[in-house]
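Content type mmCIF, C-alpha atoms, from the file work-v8.cif:
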data_work
loop_
_atom_site.label_atom_id
_atom_site.label_comp_id
_atom_site.auth_asym_id
_atom_site.auth_seq_id
_atom_site.Cartn_x
_atom_site.Cartn_y
_atom_site.Cartn_z
CA MET A 1 54.72 36.22 -3.14
CA ALA A 2 51.15 35.73 -4.27
CA SER A 3 48.73 38.53 -3.53
CA ALA A 4 46.15 37.79 -0.84
CA ALA A 5 43.35 38.84 -3.20
CA PHE A 6 44.48 36.33 -5.84
CA VAL A 7 44.72 33.47 -3.32
CA ASP A 8 41.34 34.40 -1.81
CA SER A 9 39.75 34.38 -5.28
CA LEU A 10 40.60 30.68 -5.67
CA HIS A 11 37.86 29.73 -3.19
CA GLU A 12 35.27 31.15 -5.57
CA ILE A 13 37.00 29.92 -8.73
CA PHE A 14 37.07 26.32 -7.49
CA GLN A 15 33.66 26.35 -5.77
CA GLY A 16 32.42 23.67 -8.22
CA LEU A 17 35.13 21.35 -6.92
CA GLY A 18 34.10 21.85 -3.32
CA ARG A 19 35.85 23.33 -0.34
CA ILE A 20 39.51 24.20 -0.75
CA GLN A 21 42.04 25.37 1.79
CA THR A 22 45.08 27.52 1.15
CA ARG A 23 48.18 27.91 3.23
CA ARG A 24 51.49 29.65 2.90
CA MET A 25 54.38 27.48 1.79
CA PHE A 26 57.40 27.54 -0.53
CA GLY A 27 57.34 31.34 -0.61
CA GLY A 28 53.85 31.09 -2.11
CA HIS A 29 50.71 29.15 -1.26
CA GLY A 30 49.56 25.58 -1.48
CA VAL A 31 45.96 24.85 -2.47
CA PHE A 32 44.42 21.78 -0.86
CA HIS A 33 41.23 19.81 -1.38
CA ASP A 34 40.35 17.09 1.14
CA GLY A 35 43.87 17.15 2.56
CA ARG A 36 45.67 16.78 -0.77
CA MET A 37 47.66 19.49 -2.47
CA ILE A 38 46.12 20.17 -5.87
CA ALA A 39 47.79 23.45 -6.78
CA LEU A 40 50.64 25.79 -6.03
CA VAL A 41 50.54 29.58 -6.29
CA LEU A 42 53.71 31.61 -6.78
CA GLY A 43 53.47 35.26 -7.65
CA ASP A 44 50.01 35.47 -9.12
CA VAL A 45 50.48 32.29 -11.16
CA LEU A 46 48.44 29.17 -10.45
CA TYR A 47 50.06 25.79 -11.10
CA LEU A 48 47.87 22.67 -11.03
CA LYS A 49 48.94 19.18 -9.98
CA ALA A 50 49.72 17.11 -13.06
CA ASP A 51 50.88 13.59 -13.85
CA ASP A 52 51.43 11.37 -16.89
CA GLN A 53 47.70 10.82 -17.28
CA SER A 54 46.75 14.51 -17.23
CA ALA A 55 49.86 15.81 -19.07
CA PRO A 56 48.27 15.62 -22.55
CA HIS A 57 45.69 18.24 -21.50
CA PHE A 58 48.47 20.62 -20.45
CA ASP A 59 50.59 19.75 -23.49
CA ALA A 60 47.73 20.52 -25.89
CA LEU A 61 47.68 24.09 -24.56
CA GLN A 62 51.47 24.31 -24.27
CA LEU A 63 51.22 25.05 -20.55
CA PRO A 64 54.66 25.11 -18.91
CA HIS A 65 55.87 23.10 -15.94
CA PHE A 66 56.60 24.74 -12.64
CA SER A 67 60.36 24.75 -12.23
CA TYR A 68 62.92 26.30 -9.95
CA LEU A 69 66.67 26.21 -9.42
CA ARG A 70 67.94 23.59 -6.98
CA GLN A 71 71.66 23.72 -6.32
CA GLY A 72 72.05 25.80 -9.47
CA LYS A 73 70.23 23.31 -11.71
CA PRO A 74 66.65 23.47 -13.00
CA ALA A 75 64.23 21.16 -11.18
CA ARG A 76 60.60 20.48 -12.07
CA LEU A 77 57.74 19.64 -9.75
CA SER A 78 54.61 17.83 -10.89
CA TYR A 79 52.69 21.09 -11.37
CA ARG A 80 51.81 22.87 -14.60
CA GLU A 81 50.56 26.38 -15.23
CA ALA A 82 46.77 26.60 -15.22
CA PRO A 83 45.02 27.74 -18.40
CA ALA A 84 44.00 31.41 -18.18
CA ASP A 85 40.43 30.60 -19.34
CA LEU A 86 39.58 28.80 -16.10
CA PHE A 87 39.52 32.12 -14.23
CA ASP A 88 36.51 33.23 -16.30
CA ASP A 89 34.63 29.94 -16.70
CA ALA A 90 33.28 28.08 -13.65
CA GLU A 91 32.77 24.81 -15.56
CA LEU A 92 36.30 24.92 -16.93
CA ALA A 93 37.67 25.67 -13.44
CA THR A 94 35.83 22.65 -12.07
CA LEU A 95 37.12 20.43 -14.88
CA TRP A 96 40.75 21.48 -14.36
CA GLY A 97 40.35 21.32 -10.57
CA ARG A 98 39.11 17.72 -10.89
CA ARG A 99 42.06 16.83 -13.12
CA ALA A 100 44.43 18.21 -10.48
CA TRP A 101 42.53 16.39 -7.70
CA GLU A 102 42.66 13.09 -9.62
CA ALA A 103 46.41 13.53 -10.22
CA ALA A 104 46.86 14.12 -6.48
CA LEU A 105 44.89 10.95 -5.73
CA ARG A 106 46.97 8.91 -8.17
CA ALA A 107 50.14 10.24 -6.50
CA GLY A 108 49.24 8.26 -3.38
CA ALA A 109 48.40 9.03 0.20
CA PRO A 110 49.47 12.40 1.52
CA LYS A 111 52.50 12.36 3.77
CA PRO A 112 51.55 12.65 7.42
CA ALA A 113 52.49 15.91 9.05
CA LYS A 114 55.67 15.71 11.05
CA PRO A 115 54.99 16.23 14.74
CA ARG A 116 56.57 19.35 16.09
CA LYS A 117 59.00 18.93 18.91
CA ALA A 118 58.15 20.77 22.07
CA PRO A 119 60.80 23.26 23.12
CA ALA A 120 63.19 21.82 25.66
CA LYS A 121 62.40 22.80 29.21
CA LYS A 122 65.08 24.54 31.13
CA THR A 123 65.98 22.78 34.31
CA LYS A 124 67.60 24.38 37.27
CA LYS A 125 70.82 22.87 38.44
CA ALA A 126 70.98 21.81 42.04
CA PRO A 127 73.38 23.93 44.14
#
Since I need it in another form, could you write the structure as C-alpha cells?
Amino acid sequence: MASAAFVDSLHEIFQGLGRIQTRRMFGGHGVFHDGRMIALVLGDVLYLKADDQSAPHFDALQLPHFSYLRQGKPARLSYREAPADLFDDAELATLWGRRAWEAALRAGAPKPAKPRKAPAKKTKKAP
C-alpha cells in the first residue's frame, strides 16, 4: 500500500501538468488528469502510463514495466516505473506527466463508470 504522504506529494510534483486526482484502487492508487488515468502507485513506486510511442523514453533509462501475477503467470500493464529524477525537478515531472497524459489520450476514451445497483428493497409478504 502506498503511503498517504507519497500519494499526497504527487499533487505538488505534477503541478506543472495541472490538477490531478488520486483514488484508491488495485491495492494502491490511481492518478488521474482530466478523467484519464496517467499513473499507478503501488508501495511507494510511481508507474506512468506508457505506449509504443513513449516506450523509447522509458527504454533509454531502462525503466521496468509494471507487472503482476495473474493466474500464476506474469502479466504487464501499460505502465512503466517513473524516473527517480522527476521527484526533484519540476520541469522533468511536467515532461513525464505530459508523456503519460498523451499515452492515455492515445489509448482512447476512458471507459464510463459502471452504474452501481441499488440494494434490493425488502418487501413484506402479504399474510
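Nearest-residue note for Ile38 of chain A: choosing from A:Phe58, A:Tyr68, A:Phe6, A:Phe14, the minimum distance belongs to A:Phe14, counting only C-alpha atoms.
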Suppose a student applies the PyMOL selection byres ((chain A and resi 80) around 7) to this structure; what residues should they get, written as a list in words?
Tyr47, Leu48, Lys49, Ala50, Leu63, Pro64, His65, Phe66, Ser78, Tyr79, Glu81 and Ala82 of chain A
Counting only C-alpha atoms, what is within 12 Å of Ala107 of chain A, bar same-chain residues fewer than 3 positions away, as a PyMOL selection string?
chain A and resi 36-38+49-53+78+100-104+110-111
From the options A:Val7, A:Ile20, A:Ile13, A:Ala60, which residue's atoms come nearest to Leu42 of chain A, counting all atoms listed in the file?
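For Leu42 of chain A, the nearest of the given residues is A:Val7.
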Quick one: of A:Asp59, A:Arg76, A:Asp34, A:His29, who's nearest to Leu17 of chain A, counting all atoms listed in the file?
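Checking each of A:Asp59, A:Arg76, A:Asp34, A:His29 against Leu17 of chain A, counting all atoms listed in the file, the winner is A:Asp34.
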Interatomic distance (Å, one decimal) between atom CA of Gln15 of chain A and atom CA of Leu77 of chain A
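Separating atom CA of Gln15 of chain A from atom CA of Leu77 of chain A is a distance of 25.3 Å.
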Tell me, in Å to one decimal, how far atom CA of Arg19 of chain A is from atom CA of His33 of chain A.
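Atom CA of His33 of chain A lies 6.5 Å from atom CA of Arg19 of chain A.
Distance-wise, atom CA of Ser3 of chain A and atom CA of Leu61 of chain A end up 25.5 Å apart.
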Got a sec to resolve the PyMOL selection byres ((chain A and resi 27) around 10) on this structure and send the residues as a compact mmCIF listing (two decimals) with C-alpha atoms, in the coordinates of the input?
# COMPACT_ATOMS: atom_id res chain seq x y z
CA MET A 1 54.72 36.22 -3.14
CA ALA A 2 51.15 35.73 -4.27
CA ARG A 24 51.49 29.65 2.90
CA MET A 25 54.38 27.48 1.79
CA PHE A 26 57.40 27.54 -0.53
CA GLY A 28 53.85 31.09 -2.11
CA HIS A 29 50.71 29.15 -1.26
CA GLY A 30 49.56 25.58 -1.48
CA VAL A 41 50.54 29.58 -6.29
CA LEU A 42 53.71 31.61 -6.78
CA GLY A 43 53.47 35.26 -7.65
Distance criterion (only C-alpha atoms): nearest to Arg98 of chain A out of A:Ala4, A:Gly72, A:Gly18, A:Ser67:
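The closest residue to Arg98 of chain A is A:Gly18.
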Counting all atoms listed in the file, closest pick from A:Ser9, A:Gln62, A:Thr22, A:Ser54 relative to Leu40 of chain A is A:Thr22
Judged by only C-alpha atoms, the minimum distance to Leu86 of chain A among A:Gln21, A:Ala5, A:Leu46, A:Ala39 is found for A:Leu46
Could you rebuild segment 10-22 of chain A with N, CA and C atoms and give it back as an mmCIF file, keeping the file's coordinate frame?
data_model
loop_
_atom_site.group_PDB
_atom_site.id
_atom_site.type_symbol
_atom_site.label_atom_id
_atom_site.label_comp_id
_atom_site.auth_asym_id
_atom_site.auth_seq_id
_atom_site.Cartn_x
_atom_site.Cartn_y
_atom_site.Cartn_z
ATOM 1 N N LEU A 10 40.619 32.105 -5.294
ATOM 2 C CA LEU A 10 40.600 30.680 -5.670
ATOM 3 C C LEU A 10 39.453 29.926 -5.016
ATOM 4 N N HIS A 11 38.992 30.380 -3.850
ATOM 5 C CA HIS A 11 37.860 29.730 -3.190
ATOM 6 C C HIS A 11 36.615 29.820 -4.069
ATOM 7 N N GLU A 12 36.417 30.969 -4.679
ATOM 8 C CA GLU A 12 35.270 31.150 -5.570
ATOM 9 C C GLU A 12 35.499 30.438 -6.909
ATOM 10 N N ILE A 13 36.701 30.541 -7.434
ATOM 11 C CA ILE A 13 37.000 29.920 -8.730
ATOM 12 C C ILE A 13 36.774 28.419 -8.683
ATOM 13 N N PHE A 14 37.191 27.781 -7.591
ATOM 14 C CA PHE A 14 37.070 26.320 -7.490
ATOM 15 C C PHE A 14 35.845 25.870 -6.694
ATOM 16 N N GLN A 15 34.829 26.720 -6.558
ATOM 17 C CA GLN A 15 33.660 26.350 -5.770
ATOM 18 C C GLN A 15 32.951 25.121 -6.329
ATOM 19 N N GLY A 16 33.030 24.871 -7.630
ATOM 20 C CA GLY A 16 32.420 23.670 -8.220
ATOM 21 C C GLY A 16 33.123 22.395 -7.814
ATOM 22 N N LEU A 17 34.368 22.502 -7.390
ATOM 23 C CA LEU A 17 35.130 21.350 -6.920
ATOM 24 C C LEU A 17 34.765 21.014 -5.488
ATOM 25 N N GLY A 18 34.391 22.020 -4.747
ATOM 26 C CA GLY A 18 34.100 21.850 -3.320
ATOM 27 C C GLY A 18 35.032 22.737 -2.518
ATOM 28 N N ARG A 19 35.051 22.504 -1.243
ATOM 29 C CA ARG A 19 35.850 23.330 -0.340
ATOM 30 C C ARG A 19 37.347 23.130 -0.580
ATOM 31 N N ILE A 20 38.046 24.247 -0.663
ATOM 32 C CA ILE A 20 39.510 24.200 -0.750
ATOM 33 C C ILE A 20 40.083 24.954 0.441
ATOM 34 N N GLN A 21 41.316 24.651 0.763
ATOM 35 C CA GLN A 21 42.040 25.370 1.790
ATOM 36 C C GLN A 21 43.328 25.873 1.147
ATOM 37 N N THR A 22 43.800 26.999 1.626
ATOM 38 C CA THR A 22 45.080 27.520 1.150
ATOM 39 C C THR A 22 45.954 27.773 2.360
#
